[in-house]
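Some notes on the structure that comes next.
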Amino acid sequence: MNQSIEPGGKRHLIQLVFSVNVRKEVPELNLNEKAITGFGYFSSAAIREMDLRPDIKSFLLEGDFKSAPFIKSIWVSEKK
């Protein structure tokens with residue numbers, strides 16, 4: 001689990017990452033689920049190129065999913 005809180009307290013993001021065994025090659029998104037807008041399976045190379053906020057790329061690339069650490073991250077604002 002990872003969380004990041006906006007300095008003003010208006011937004012609080014929580015990311016949950018799950019390790020899974022794949023039964024189908026093409027996952028399907030439940031269209032009734034409004035909170036999840038997309039998901040997928042990604043290679044290490046693709047993860048390195050992603051703009052993840054909070055940036056948890058190093059955790060995902062380590063590949064040690066035997067434990068479930070809590071990763072606190074600082075808020076990263078978009079530059080306009």
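Please note that chains go A, B, ... in the order of the structure tokens, that every chain numbers its residues from 1, and that ligands are numbered from 1 in the order shown.
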**Study point:** Test item: residues at most 12 Å from Tyr41 of chain A, only C-alpha atoms, excluding those fewer than 4 positions along its chain, as number ranges by chain
**Key:** A: 17-22, 24-28, 45-47
Kindly save the residues from that selection, with N, CA and C atoms included, as a compact mmCIF listing (two decimals), in the first residue's frame.
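Now in out14.txt:
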# COMPACT_ATOMS: atom_id res chain seq x y z
N VAL A 17 -1.33 -2.41 -4.63
CA VAL A 17 -0.68 -3.22 -5.66
C VAL A 17 -0.83 -4.68 -5.26
N PHE A 18 -1.30 -5.50 -6.18
CA PHE A 18 -1.52 -6.91 -5.91
C PHE A 18 -0.66 -7.77 -6.81
N SER A 19 -0.10 -8.83 -6.25
CA SER A 19 0.59 -9.84 -7.04
C SER A 19 -0.45 -10.92 -7.36
N VAL A 20 -0.57 -11.27 -8.64
CA VAL A 20 -1.61 -12.22 -9.05
C VAL A 20 -1.04 -13.27 -9.99
N ASN A 21 -1.72 -14.39 -10.05
CA ASN A 21 -1.45 -15.40 -11.07
C ASN A 21 -2.48 -15.19 -12.18
N VAL A 22 -2.02 -15.07 -13.40
CA VAL A 22 -2.89 -14.73 -14.53
C VAL A 22 -3.54 -16.00 -15.08
N LYS A 24 -6.22 -15.48 -17.51
CA LYS A 24 -6.60 -15.05 -18.86
C LYS A 24 -5.55 -14.05 -19.33
N GLU A 25 -5.23 -14.09 -20.59
CA GLU A 25 -4.24 -13.15 -21.12
C GLU A 25 -4.78 -11.74 -21.24
N VAL A 26 -6.07 -11.59 -21.48
CA VAL A 26 -6.65 -10.26 -21.66
C VAL A 26 -7.66 -10.02 -20.54
N PRO A 27 -7.30 -9.17 -19.56
CA PRO A 27 -8.24 -8.90 -18.47
C PRO A 27 -9.41 -8.06 -18.95
N GLU A 28 -10.51 -8.15 -18.24
CA GLU A 28 -11.70 -7.36 -18.58
C GLU A 28 -12.01 -6.42 -17.43
N ALA A 45 10.29 -2.80 -18.48
CA ALA A 45 10.67 -1.65 -19.32
C ALA A 45 9.54 -0.63 -19.36
N ALA A 46 8.30 -1.08 -19.47
CA ALA A 46 7.16 -0.15 -19.51
C ALA A 46 7.00 0.57 -18.17
N ILE A 47 7.20 -0.15 -17.06
CA ILE A 47 7.08 0.47 -15.74
C ILE A 47 8.12 1.57 -15.57
Check your understanding: So which one's closest to Ser43 of chain A, A:Leu61, A:Ile56, A:Leu13, A:Leu29? Using only C-alpha atoms, please.
Key ->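 Closest residue, counting only C-alpha atoms: A:Leu61.
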Check your understanding: Could you work out how far atom CA of Arg48 of chain A lies from atom CA of Met1 of chain A, giving the answer in Å with one decimal?
Key ->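 Computed distance, atom CA of Met1 of chain A to atom CA of Arg48 of chain A, equals 19.2 Å.
Across the model, the gap from atom CA of Pro54 of chain A to atom CA of Ser4 of chain A is 6.5 Å.
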Practice item. Pick out the closest residue to Leu16 of chain A from this set: A:Asp51, A:Asp64, A:Phe59, A:Asn2. Count only C-alpha atoms. Key: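 Smallest separation from Leu16 of chain A among the options: A:Asn2.
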